[in-house]
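What follows is one structure encoded as structure tokens, with my remarks underneath.
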Amino acid sequence: MDIKVLGTGCAKCKSLEKAVKDVIEENGIQANVTKVEDILEIMKFDVMSTPALVVDGNVVVKGRVPSNSELKEILTTKIYRL
């Protein structure tokens, strides 16, 4: 699984990155996590509000930090909610 956390470095962006890494570690999920801070790269995903979460090329969350339980659901069942 390829996961990208999109955000310019704000507190919420850092919080999402940490939460994603925690959920992956706690649940033994095999994934590569990349933090994307370049605004031009973020815009390629058609995201106007950060933080955003991209899983396997699909924007699954944008403009908020989901709870750890929601992240677990997203990453284990691939049920995406915006």
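Within each chain, counting starts at residue 1; across the structure tokens, chains are named A, B, ... in the order shown, with ligands numbered 1 upward in that order.
Near range 4-16 of chain A, within a cut-off of 8 Å and counting only C-alpha atoms, sit the residues A:Val33, A:Thr34, A:Lys35, A:Val36, A:Glu37, A:Asp38, A:Ile39, A:Ile42, A:Thr50, A:Pro51, A:Ala52, A:Leu53, A:Val54, A:Val55, A:Arg64, A:Val65, A:Pro66, with same-chain residues fewer than 6 positions away left out.
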| query | With distances taken over only C-alpha atoms, which of A:Glu70, A:Leu75, A:Phe45, A:Ile24 is nearest to Asn58 in chain A? | reply | A:Phe45
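These are the residues of range 47-79 of chain A assigned strand (DSSP E) by DSSP from backbone coordinates: Ala52, Leu53, Val54, Val55, Asn58, Val59, Val60, Val61 and Lys62 of chain A.
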Mind writing the picked residues with C-alpha atoms as a PDB file, in the first residue's frame?
```
ATOM      1  CA  ALA A  52      -5.138  15.202   2.995  1.00  0.00           C
ATOM      2  CA  LEU A  53      -4.561  11.479   2.835  1.00  0.00           C
ATOM      3  CA  VAL A  54      -3.914   9.614  -0.405  1.00  0.00           C
ATOM      4  CA  VAL A  55      -4.041   5.812  -0.451  1.00  0.00           C
ATOM      5  CA  ASN A  58      -6.918   7.946  -4.305  1.00  0.00           C
ATOM      6  CA  VAL A  59      -7.619  10.977  -2.112  1.00  0.00           C
ATOM      7  CA  VAL A  60      -9.513   9.432   0.813  1.00  0.00           C
ATOM      8  CA  VAL A  61      -9.532  12.269   3.360  1.00  0.00           C
ATOM      9  CA  LYS A  62      -9.065  15.990   2.913  1.00  0.00           C
TER      10      LYS A  62
END
```
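The residue that comes closest to Gln30 in chain A, out of A:Met1, A:Thr77, A:Ser49, A:Gly63 and on the basis of only C-alpha atoms, is A:Met1.
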| field | Between CA of Asn68 in chain A and CA of Asn32 in chain A - distance in Å to one decimal | value | 17.9 Å
| task | Would you please give, as a ChimeraX atom specification, all residues of chain A that DSSP assigns to alpha helix (DSSP H) based on the backbone? | result | /A:11-27,39-43,68-77
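The gap separating CA of Leu40 in chain A from CA of Glu25 in chain A is 29.6 Å, in Å to one decimal.
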